[in-house]
>>> print(open('work-v3.txt').read())   # compact mmCIF, C-alpha atoms
# COMPACT_ATOMS: atom_id res chain seq x y z
CA MET N 1116 0.00 0.00 0.00
CA ASP N 1117 1.28 3.43 -0.96
CA PRO N 1118 1.64 5.43 2.29
CA HIS N 1119 0.55 8.63 0.50
CA LEU N 1120 -2.74 6.96 -0.41
CA LEU N 1121 -3.06 5.63 3.11
CA ARG N 1122 -2.63 9.13 4.59
CA THR N 1123 -5.37 10.41 2.30
CA PHE N 1124 -7.67 7.59 3.41
CA VAL N 1125 -7.06 8.37 7.09
CA SER N 1126 -7.80 12.05 6.49
CA VAL N 1127 -11.08 11.29 4.69
CA ALA N 1128 -12.12 8.85 7.42
CA ARG N 1129 -11.36 11.41 10.12
CA CYS N 1130 -12.99 14.36 8.36
CA GLY N 1131 -15.98 12.42 7.02
CA SER N 1132 -15.72 14.44 3.83
CA PHE N 1133 -13.66 14.35 0.62
CA SER N 1134 -13.66 18.16 0.36
CA ASP N 1135 -12.62 18.68 4.00
CA ALA N 1136 -9.83 16.13 3.61
CA ALA N 1137 -8.71 17.90 0.43
CA HIS N 1138 -8.53 21.20 2.31
CA GLU N 1139 -6.59 19.56 5.15
CA LEU N 1140 -4.09 17.90 2.80
CA GLY N 1141 -3.76 20.73 0.30
CA PHE N 1142 -5.15 18.63 -2.57
CA THR N 1143 -8.13 19.06 -4.86
CA PRO N 1144 -11.25 16.98 -4.10
CA ALA N 1145 -10.69 15.19 -7.42
CA ALA N 1146 -7.16 14.19 -6.34
CA VAL N 1147 -8.47 12.89 -3.01
CA SER N 1148 -11.13 10.86 -4.83
CA GLU N 1149 -8.47 9.46 -7.15
CA HIS N 1150 -6.27 8.47 -4.20
CA ILE N 1151 -9.12 6.59 -2.54
CA ALA N 1152 -10.05 4.87 -5.82
CA SER N 1153 -6.42 3.78 -6.31
CA LEU N 1154 -6.22 2.39 -2.78
CA GLU N 1155 -9.48 0.50 -3.25
CA ALA N 1156 -8.20 -0.90 -6.56
CA ASP N 1157 -5.00 -2.04 -4.85
CA LEU N 1158 -6.93 -3.78 -2.08
CA ARG N 1159 -9.71 -4.98 -4.41
CA THR N 1160 -12.45 -3.82 -2.04
CA SER N 1161 -14.56 -0.78 -1.24
CA LEU N 1162 -13.29 1.20 1.74
CA LEU N 1163 -15.73 4.12 1.84
CA THR N 1164 -19.29 4.79 0.80
CA ARG N 1165 -19.59 8.12 -0.99
CA ARG N 1166 -22.96 9.61 -0.05
CA PRO N 1167 -22.75 9.85 2.87
CA VAL N 1168 -19.01 9.28 3.37
CA MET N 1169 -18.80 6.33 5.75
CA LEU N 1170 -16.38 3.49 6.35
CA THR N 1171 -17.23 0.05 5.06
CA SER N 1172 -16.34 -2.91 7.26
CA ALA N 1173 -13.12 -3.31 5.26
CA GLY N 1174 -12.40 0.40 5.63
CA ALA N 1175 -12.91 0.24 9.39
CA ARG N 1176 -10.47 -2.65 9.60
CA LEU N 1177 -7.89 -0.82 7.47
CA LEU N 1178 -8.22 2.27 9.67
CA GLU N 1179 -7.23 0.16 12.69
CA HIS N 1180 -3.96 -0.69 10.95
CA ALA N 1181 -3.34 2.66 9.27
CA GLY N 1182 -2.44 4.70 12.35
CA PRO N 1183 0.30 2.37 13.63
CA LEU N 1184 1.65 1.83 10.08
CA LEU N 1185 1.98 5.55 9.36
CA LEU N 1186 3.40 6.18 12.81
CA ARG N 1187 6.13 3.59 12.26
CA LEU N 1188 7.00 5.16 8.90
CA ASP N 1189 7.33 8.58 10.56
CA ALA N 1190 9.46 7.04 13.32
CA ALA N 1191 11.73 5.38 10.75
CA ARG N 1192 12.23 8.68 8.92
CA ALA N 1193 13.00 10.51 12.17
CA ASP N 1194 15.47 7.80 13.22
CA VAL N 1195 17.33 7.92 9.91
CA GLU N 1196 17.45 11.72 10.00
CA ARG N 1197 18.80 11.56 13.54
CA LEU N 1198 21.60 9.20 12.48
CA SER N 1199 22.46 11.40 9.53
CA GLY N 1200 22.71 14.42 11.80
CA ALA N 1201 19.78 16.22 10.19
CA GLY N 1202 18.04 16.80 13.52
CA ALA N 1203 21.09 17.20 15.76
CA ALA N 1204 20.70 20.97 16.19
CA ARG N 1205 17.16 20.80 17.57
CA LEU N 1206 15.62 19.74 20.84
CA VAL N 1207 11.83 19.47 20.82
CA VAL N 1208 10.16 18.55 24.10
CA GLY N 1209 6.46 17.96 24.65
CA ALA N 1210 4.81 18.07 28.06
CA SER N 1211 1.29 17.73 29.39
CA PRO N 1212 0.27 20.75 31.53
CA LEU N 1213 0.71 19.11 34.94
CA ALA N 1214 4.03 17.56 33.87
CA MET N 1215 5.52 20.99 33.19
CA THR N 1216 6.90 21.93 36.61
CA PRO N 1217 9.62 24.35 37.80
CA ARG N 1218 11.97 21.38 38.10
CA ILE N 1219 11.53 20.53 34.43
CA ALA N 1220 11.98 24.17 33.45
CA ALA N 1221 15.23 24.32 35.43
CA ALA N 1222 16.48 21.10 33.81
CA LEU N 1223 15.78 22.50 30.35
CA ASP N 1224 17.69 25.65 31.24
CA ARG N 1225 20.73 23.60 32.34
CA VAL N 1226 20.79 21.74 29.04
CA ARG N 1227 20.44 24.93 27.00
CA GLN N 1228 23.33 26.43 28.94
CA ALA N 1229 25.44 23.35 28.19
CA HIS N 1230 24.41 23.29 24.48
CA PRO N 1231 24.09 26.98 23.50
CA ALA N 1232 23.96 26.19 19.77
CA ILE N 1233 20.79 24.11 19.89
CA ARG N 1234 17.35 25.35 18.90
CA ALA N 1235 15.09 24.24 21.73
CA SER N 1236 11.30 24.32 21.78
CA LEU N 1237 8.69 23.22 24.29
CA ARG N 1238 5.15 22.22 23.37
CA ILE N 1239 2.35 21.93 25.90
CA LEU N 1240 0.10 19.18 24.58
CA GLY N 1241 -2.73 16.95 25.69
CA ARG N 1242 -1.75 13.70 27.37
CA ARG N 1243 -3.06 11.59 24.48
CA GLU N 1244 -0.98 13.45 21.88
CA ILE N 1245 2.45 13.02 23.42
CA PRO N 1246 3.18 9.26 23.07
CA ALA N 1247 2.37 9.25 19.35
CA ALA N 1248 4.41 12.42 18.79
CA VAL N 1249 7.42 10.84 20.53
CA ALA N 1250 7.03 7.59 18.58
CA SER N 1251 6.85 9.46 15.26
CA GLY N 1252 9.92 11.57 16.02
CA ALA N 1253 7.97 14.85 16.14
CA LEU N 1254 9.16 15.13 19.77
CA GLY N 1255 12.61 14.20 20.98
CA LEU N 1256 11.30 13.70 24.50
CA GLY N 1257 7.86 13.68 26.08
CA LEU N 1258 6.65 14.24 29.63
CA VAL N 1259 3.26 12.83 30.54
CA ASP N 1260 1.39 12.67 33.82
CA GLY N 1261 -1.60 10.96 35.35
CA PRO N 1262 -3.02 9.08 38.33
CA THR N 1263 -1.90 5.54 38.99
CA THR N 1264 -1.34 3.11 41.83
CA PRO N 1265 2.10 3.28 43.45
CA ALA N 1266 3.09 -0.06 41.90
CA ASP N 1267 1.89 0.56 38.32
CA ALA N 1268 3.24 2.57 35.43
CA LEU N 1269 1.03 5.04 33.61
CA PRO N 1270 -1.16 3.37 30.98
CA LEU N 1271 0.10 4.41 27.54
CA PRO N 1272 -1.39 3.74 24.10
CA GLU N 1273 0.28 1.19 21.83
CA VAL N 1274 2.12 3.46 19.42
CA GLY N 1275 5.43 1.66 19.03
CA PRO N 1276 8.54 1.02 21.13
CA LEU N 1277 8.81 3.69 23.81
CA THR N 1278 10.89 3.86 26.97
CA SER N 1279 9.12 5.27 30.00
CA VAL N 1280 10.97 6.44 33.13
CA THR N 1281 9.35 7.84 36.27
CA VAL N 1282 10.65 11.33 37.08
CA ALA N 1283 8.27 12.52 39.82
CA GLU N 1284 5.46 11.46 42.12
CA ALA N 1285 3.15 13.59 44.23
CA PRO N 1286 0.06 13.02 46.37
CA LEU N 1287 -3.34 13.73 44.86
CA VAL N 1288 -5.73 16.17 46.49
CA VAL N 1289 -9.31 17.20 45.86
CA ALA N 1290 -9.53 20.94 45.20
CA LEU N 1291 -12.70 22.53 46.63
CA PRO N 1292 -13.86 26.13 46.95
CA THR N 1293 -13.64 27.62 50.42
CA GLY N 1294 -17.00 27.23 52.09
CA HIS N 1295 -17.73 23.90 50.41
CA PRO N 1296 -19.49 21.44 52.79
CA LEU N 1297 -16.51 19.06 52.52
CA ALA N 1298 -13.85 21.74 52.96
CA ARG N 1299 -13.09 20.80 56.58
CA ARG N 1300 -12.57 17.10 55.89
CA LEU N 1301 -9.08 15.75 56.60
CA GLY N 1302 -9.33 13.22 53.78
CA LEU N 1303 -11.77 12.18 51.07
CA ARG N 1304 -12.67 8.95 49.37
CA LEU N 1305 -13.21 9.07 45.63
CA ALA N 1306 -16.31 6.87 45.78
CA ASP N 1307 -17.96 9.35 48.19
CA LEU N 1308 -17.56 12.16 45.62
CA ALA N 1309 -19.34 10.47 42.71
CA GLU N 1310 -22.44 12.65 43.08
CA ALA N 1311 -20.52 15.92 43.43
CA GLN N 1312 -20.25 18.40 40.57
CA TRP N 1313 -16.90 18.20 38.80
CA LEU N 1314 -14.94 20.19 36.27
CA ASP N 1315 -14.30 18.14 33.15
CA ALA N 1316 -10.74 19.18 32.25
CA PRO N 1317 -9.12 16.14 30.58
CA ASP N 1318 -5.80 17.88 29.92
CA ALA N 1319 -5.48 20.15 32.96
CA ALA N 1320 -6.73 17.79 35.70
CA MET N 1321 -7.48 14.12 36.19
CA PRO N 1322 -9.95 13.01 33.45
CA LEU N 1323 -13.41 12.17 34.75
CA ALA N 1324 -13.46 8.90 32.80
CA GLN N 1325 -10.45 7.75 34.82
CA LEU N 1326 -12.13 8.76 38.05
CA ARG N 1327 -15.14 6.62 37.15
CA ALA N 1328 -12.90 3.68 36.31
CA MET N 1329 -10.81 4.01 39.46
CA SER N 1330 -13.80 4.36 41.76
CA ARG N 1331 -15.62 1.57 39.90
CA SER N 1332 -18.77 3.63 39.94
CA GLY N 1333 -20.78 5.98 37.76
CA GLY N 1334 -21.44 9.58 38.51
CA PHE N 1335 -18.71 12.24 38.35
CA ARG N 1336 -20.96 14.51 36.32
CA ALA N 1337 -19.36 17.50 34.67
CA SER N 1338 -20.86 20.83 35.63
CA LEU N 1339 -18.50 22.61 33.23
CA THR N 1340 -16.15 21.45 30.50
CA TYR N 1341 -12.74 23.13 30.44
CA GLU N 1342 -10.97 22.64 27.12
CA GLY N 1343 -7.70 24.26 28.07
CA THR N 1344 -4.24 23.58 29.42
CA ASP N 1345 -3.90 26.48 31.89
CA VAL N 1346 -3.95 24.91 35.34
CA ARG N 1347 -4.30 28.31 37.03
CA GLY N 1348 -7.46 28.94 35.03
CA LEU N 1349 -8.81 25.58 36.12
CA VAL N 1350 -8.13 26.35 39.79
CA ALA N 1351 -9.85 29.73 39.40
CA LEU N 1352 -12.96 27.95 38.12
CA THR N 1353 -12.89 25.64 41.13
CA ALA N 1354 -12.53 28.62 43.47
CA ALA N 1355 -15.57 30.21 41.82
CA GLY N 1356 -17.67 27.13 42.60
CA HIS N 1357 -17.96 25.62 39.11
CA GLY N 1358 -16.86 22.15 40.22
CA LEU N 1359 -14.26 20.02 41.96
CA ALA N 1360 -10.96 18.94 40.48
CA LEU N 1361 -8.48 16.20 41.38
CA LEU N 1362 -4.95 17.59 41.14
CA PRO N 1363 -1.42 16.90 42.34
CA HIS N 1364 -0.78 18.75 45.57
CA PRO N 1365 2.05 20.98 44.22
CA ALA N 1366 -0.29 22.39 41.55
CA THR N 1367 -2.62 23.81 44.22
CA LYS N 1368 -0.07 25.47 46.51
CA GLY N 1369 -0.80 29.14 47.08
CA ALA N 1370 -3.93 29.09 44.90
CA PRO N 1371 -6.46 31.62 46.23
CA GLY N 1372 -10.04 30.72 47.00
CA ILE N 1373 -9.62 26.96 47.37
CA VAL N 1374 -8.90 24.39 50.04
CA THR N 1375 -7.61 20.90 49.45
CA ALA N 1376 -8.25 17.53 51.05
CA PRO N 1377 -6.00 14.51 50.49
CA LEU N 1378 -7.39 11.61 48.50
CA ILE N 1379 -7.23 8.67 50.90
CA ALA N 1380 -8.98 5.97 48.85
CA PRO N 1381 -8.25 4.43 46.46
CA ARG N 1382 -4.52 4.62 47.05
CA LEU N 1383 -3.29 6.63 44.09
CA VAL N 1384 -0.40 8.92 43.27
CA HIS N 1385 0.15 11.52 40.60
CA ARG N 1386 3.07 10.36 38.47
CA THR N 1387 5.11 12.10 35.79
CA GLU N 1388 7.02 9.96 33.30
CA LEU N 1389 9.63 10.76 30.67
CA LEU N 1390 9.09 9.13 27.27
CA HIS N 1391 11.56 8.62 24.44
CA GLY N 1392 12.07 6.31 21.50
CA PRO N 1393 14.58 3.47 21.08
CA ALA N 1394 17.47 5.91 20.51
CA VAL N 1395 18.04 9.17 22.37
CA ASP N 1396 21.22 11.22 22.07
CA GLY N 1397 22.63 14.72 21.94
CA PRO N 1398 20.76 17.41 23.91
CA ALA N 1399 17.75 15.09 24.35
CA ARG N 1400 19.96 12.54 26.10
CA ALA N 1401 21.46 15.28 28.27
CA LEU N 1402 18.00 16.48 29.28
CA ALA N 1403 16.91 12.91 30.04
CA ALA N 1404 19.92 12.53 32.34
CA VAL N 1405 19.09 15.72 34.24
CA VAL N 1406 15.35 15.07 34.50
CA THR N 1407 15.65 11.44 35.61
CA GLY N 1408 18.86 11.77 37.60
CA ASP N 1409 20.01 8.53 35.94
CA ARG N 1410 23.53 9.33 34.78
CA HIS N 1411 24.28 5.62 34.34
CA ARG N 1412 21.57 5.18 31.70
CA TYR N 1413 21.94 8.54 29.99
CA GLY N 1414 25.50 9.57 30.84
>>> encode(input="work-v3.txt", output="structure tokens")
Amino acid sequence: MDPHLLRTFVSVARCGSFSDAAHELGFTPAAVSEHIASLEADLRTSLLTRRPVMLTSAGARLLEHAGPLLLRLDAARADVERLSGAGAARLVVGASPLAMTPRIAAALDRVRQAHPAIRASLRILGRREIPAAVASGALGLGLVDGPTTPADALPLPEVGPLTSVTVAEAPLVVALPTGHPLARRLGLRLADLAEAQWLDAPDAAMPLAQLRAMSRSGGFRASLTYEGTDVRGLVALTAAGHGLALLPHPATKGAPGIVTAPLIAPRLVHRTELLHGPAVDGPARALAAVVTGDRHRYG
């Protein structure tokens, strides 16, 4: 299968429209239609119905394979470019909002001081975006966070071979506005908060779907959806009474208008992990050494 045709197919499937996919890819609608027809001829089966644009059963199955296939091609290109020195002058780091802490900022500064010629950039991204971006080579390093049990690693999507190293852990607390009926509690159980009103902030706090899974209960209704990455904005919404949020304790320090109560059950921690591909060198390796403190692995 021609990967260019496969990329066009993925775009059409995601957009649900030949014209929207053409706009996204910079092609004409006729070219997009020709790409899909060529791919269907190669596979000897229909992949999409045209009016409306919908996946056939064969198309749905191909879409399951297409993401990992294209990701591995991107990773191969990035790896070859790295070996050839094409990407040696750049350091691109991605971090989820709660993973970007003063400690990480200080580590990045140390590496930039040691490698003054590099072009460094930092991208604040959603948790779900970072593993794929690291696997494809779009990011040299990724920092992701989330709740987990003390003995378990963070659950990551299957996007290819990635190395994950724990770099920080912190207790989780429930952030409540001052004056909330539970504000004086010394500890809270997640299951007892299922009927409370919550902020749905999947990238700036703990996702509500994970809270439901971890408490093994329903509830956790969203009173307001926050589609942002600014943790201070999220805390301000909590202080104003829009809903509760589960956050790592350091993220709430000094925040006005809120009180916090430790999460005592289930036993969870907030963990930050560093992600990189099979090979990491140059400034990315130096940053990994500083962030993890593992000079033996990254020295």
>>> residues_around(input="work-v3.txt", residues="N:Val1168", least_positions_apart="2", cutoff="9 Å", atoms="only C-alpha atoms", output="PyMOL selection string")
chain N and resi 1127-1128+1131-1133+1163-1166+1170
>>> residues_around(input="work-v3.txt", residues="N:Ala1337", least_positions_apart="3", cutoff="6 Å", atoms="all atoms listed in the file", output="VMD selection string")
chain N and resid 1313 to 1315
>>> write_last_selection(input="work-v3.txt", atoms="C-alpha atoms", output="short mmCIF file (atom, residue, chain, number, x, y, z; two decimals), in the coordinates of the input")
data_model
loop_
_atom_site.label_atom_id
_atom_site.label_comp_id
_atom_site.auth_asym_id
_atom_site.auth_seq_id
_atom_site.Cartn_x
_atom_site.Cartn_y
_atom_site.Cartn_z
CA TRP N 1313 -16.90 18.20 38.80
CA LEU N 1314 -14.94 20.19 36.27
CA ASP N 1315 -14.30 18.14 33.15
#
>>> atom_distance(input="work-v3.txt", atom1="atom CA of N:Ala1354", atom2="atom CA of N:Leu1339")
13.3 Å
>>> atom_distance(input="work-v3.txt", atom1="atom CA of N:Arg1331", atom2="atom CA of N:Pro1377")
19.3 Å
>>> closest_atom_pairs(input="work-v3.txt", of="stretch 1179-1278 of chain N", to="stretch 1397-1412 of chain N", cutoff="7 Å", atoms="all atoms listed in the file", output="tab-separated table")
residue	atom	partner	partner_atom	distance
N:Ala1203	CA	N:Gly1397	CA	6.8
N:Leu1206	CA	N:Ala1399	CA	6.2
N:Ile1219	CA	N:Val1406	CA	6.7
N:Ala1222	CA	N:Val1405	CA	6.0
N:Leu1223	CA	N:Leu1402	CA	6.5
N:Val1226	CA	N:Leu1402	CA	6.0
N:His1230	CA	N:Pro1398	CA	6.9
N:Gly1255	CA	N:Ala1399	CA	6.2
N:Leu1256	CA	N:Ala1399	CA	6.6
>>> write_last_selection(input="work-v3.txt", atoms="C-alpha atoms", output="compact mmCIF listing (two decimals), in the coordinates of the input")
# COMPACT_ATOMS: atom_id res chain seq x y z
CA ALA N 1203 21.09 17.20 15.76
CA LEU N 1206 15.62 19.74 20.84
CA ILE N 1219 11.53 20.53 34.43
CA ALA N 1222 16.48 21.10 33.81
CA LEU N 1223 15.78 22.50 30.35
CA VAL N 1226 20.79 21.74 29.04
CA HIS N 1230 24.41 23.29 24.48
CA GLY N 1255 12.61 14.20 20.98
CA LEU N 1256 11.30 13.70 24.50
>>> atom_distance(input="work-v3.txt", atom1="atom CA of N:Arg1300", atom2="atom CA of N:Glu1342")
29.3 Å
>>> residues_around(input="work-v3.txt", residues="stretch 1271-1287 of chain N", least_positions_apart="6", cutoff="9 Å", atoms="all atoms listed in the file", output="MDAnalysis selection string")
chainID N and resid 1182:1183 1186:1187 1190 1214 1243 1246:1247 1249:1251 1258 1262 1265 1361:1365 1376:1379 1383:1393 1406:1408
>>> closest_residue(input="work-v3.txt", among="N:Leu1120, N:Leu1301, N:Ala1290, N:Ala1229", to="N:Ala1355", atoms="all atoms listed in the file")
N:Ala1290
>>> closest_residue(input="work-v3.txt", among="N:Ala1191, N:Pro1118, N:Leu1162, N:Asp1318", to="N:Ala1394", atoms="all atoms listed in the file")
N:Ala1191
>>> residues_around(input="work-v3.txt", residues="stretch 1134-1151 of chain N", least_positions_apart="3", cutoff="7 Å", atoms="all atoms listed in the file", output="PyMOL selection string")
chain N and resi 1120+1123-1124+1126-1127+1130+1154-1155
>>> closest_residue(input="work-v3.txt", among="N:Arg1205, N:Gly1252, N:Glu1244, N:Asp1117", to="N:Pro1231", atoms="only C-alpha atoms")
N:Arg1205
>>> closest_residue(input="work-v3.txt", among="N:Ala1351, N:Ala1220, N:Val1208, N:Leu1326", to="N:Ser1236", atoms="all atoms listed in the file")
N:Val1208
>>> residues_near_point(input="work-v3.txt", point="(-12.8, 22.3, 46.9)", cutoff="8 Å", atoms="only C-alpha atoms", output="JSON, numbers by chain")
{"N": [1289, 1290, 1291, 1292, 1293, 1295, 1297, 1298, 1353, 1354, 1358, 1359, 1360, 1373, 1374, 1375, 1376]}
>>> closest_residue(input="work-v3.txt", among="N:Pro1167, N:Pro1212, N:Gly1261, N:Gly1356", to="N:Leu1323", atoms="only C-alpha atoms")
N:Gly1261
>>> closest_residue(input="work-v3.txt", among="N:Val1125, N:Ala1253, N:Leu1305, N:Met1321", to="N:Ala1193", atoms="all atoms listed in the file")
N:Ala1253
>>> decode(input="work-v3.txt", residues="stretch 1228-1305 of chain N", atoms="C-alpha atoms", output="CSV table (one decimal), in the first residue's frame")
chain,number,residue,atom,x,y,z
N,1228,GLN,CA,23.3,26.4,28.9
N,1229,ALA,CA,25.4,23.4,28.2
N,1230,HIS,CA,24.4,23.3,24.5
N,1231,PRO,CA,24.1,27.0,23.5
N,1232,ALA,CA,24.0,26.2,19.8
N,1233,ILE,CA,20.8,24.1,19.9
N,1234,ARG,CA,17.3,25.3,18.9
N,1235,ALA,CA,15.1,24.2,21.7
N,1236,SER,CA,11.3,24.3,21.8
N,1237,LEU,CA,8.7,23.2,24.3
N,1238,ARG,CA,5.2,22.2,23.4
N,1239,ILE,CA,2.3,21.9,25.9
N,1240,LEU,CA,0.1,19.2,24.6
N,1241,GLY,CA,-2.7,17.0,25.7
N,1242,ARG,CA,-1.7,13.7,27.4
N,1243,ARG,CA,-3.1,11.6,24.5
N,1244,GLU,CA,-1.0,13.5,21.9
N,1245,ILE,CA,2.5,13.0,23.4
N,1246,PRO,CA,3.2,9.3,23.1
N,1247,ALA,CA,2.4,9.3,19.3
N,1248,ALA,CA,4.4,12.4,18.8
N,1249,VAL,CA,7.4,10.8,20.5
N,1250,ALA,CA,7.0,7.6,18.6
N,1251,SER,CA,6.9,9.5,15.3
N,1252,GLY,CA,9.9,11.6,16.0
N,1253,ALA,CA,8.0,14.9,16.1
N,1254,LEU,CA,9.2,15.1,19.8
N,1255,GLY,CA,12.6,14.2,21.0
N,1256,LEU,CA,11.3,13.7,24.5
N,1257,GLY,CA,7.9,13.7,26.1
N,1258,LEU,CA,6.7,14.2,29.6
N,1259,VAL,CA,3.3,12.8,30.5
N,1260,ASP,CA,1.4,12.7,33.8
N,1261,GLY,CA,-1.6,11.0,35.4
N,1262,PRO,CA,-3.0,9.1,38.3
N,1263,THR,CA,-1.9,5.5,39.0
N,1264,THR,CA,-1.3,3.1,41.8
N,1265,PRO,CA,2.1,3.3,43.4
N,1266,ALA,CA,3.1,-0.1,41.9
N,1267,ASP,CA,1.9,0.6,38.3
N,1268,ALA,CA,3.2,2.6,35.4
N,1269,LEU,CA,1.0,5.0,33.6
N,1270,PRO,CA,-1.2,3.4,31.0
N,1271,LEU,CA,0.1,4.4,27.5
N,1272,PRO,CA,-1.4,3.7,24.1
N,1273,GLU,CA,0.3,1.2,21.8
N,1274,VAL,CA,2.1,3.5,19.4
N,1275,GLY,CA,5.4,1.7,19.0
N,1276,PRO,CA,8.5,1.0,21.1
N,1277,LEU,CA,8.8,3.7,23.8
N,1278,THR,CA,10.9,3.9,27.0
N,1279,SER,CA,9.1,5.3,30.0
N,1280,VAL,CA,11.0,6.4,33.1
N,1281,THR,CA,9.3,7.8,36.3
N,1282,VAL,CA,10.7,11.3,37.1
N,1283,ALA,CA,8.3,12.5,39.8
N,1284,GLU,CA,5.5,11.5,42.1
N,1285,ALA,CA,3.1,13.6,44.2
N,1286,PRO,CA,0.1,13.0,46.4
N,1287,LEU,CA,-3.3,13.7,44.9
N,1288,VAL,CA,-5.7,16.2,46.5
N,1289,VAL,CA,-9.3,17.2,45.9
N,1290,ALA,CA,-9.5,20.9,45.2
N,1291,LEU,CA,-12.7,22.5,46.6
N,1292,PRO,CA,-13.9,26.1,46.9
N,1293,THR,CA,-13.6,27.6,50.4
N,1294,GLY,CA,-17.0,27.2,52.1
N,1295,HIS,CA,-17.7,23.9,50.4
N,1296,PRO,CA,-19.5,21.4,52.8
N,1297,LEU,CA,-16.5,19.1,52.5
N,1298,ALA,CA,-13.9,21.7,53.0
N,1299,ARG,CA,-13.1,20.8,56.6
N,1300,ARG,CA,-12.6,17.1,55.9
N,1301,LEU,CA,-9.1,15.7,56.6
N,1302,GLY,CA,-9.3,13.2,53.8
N,1303,LEU,CA,-11.8,12.2,51.1
N,1304,ARG,CA,-12.7,8.9,49.4
N,1305,LEU,CA,-13.2,9.1,45.6
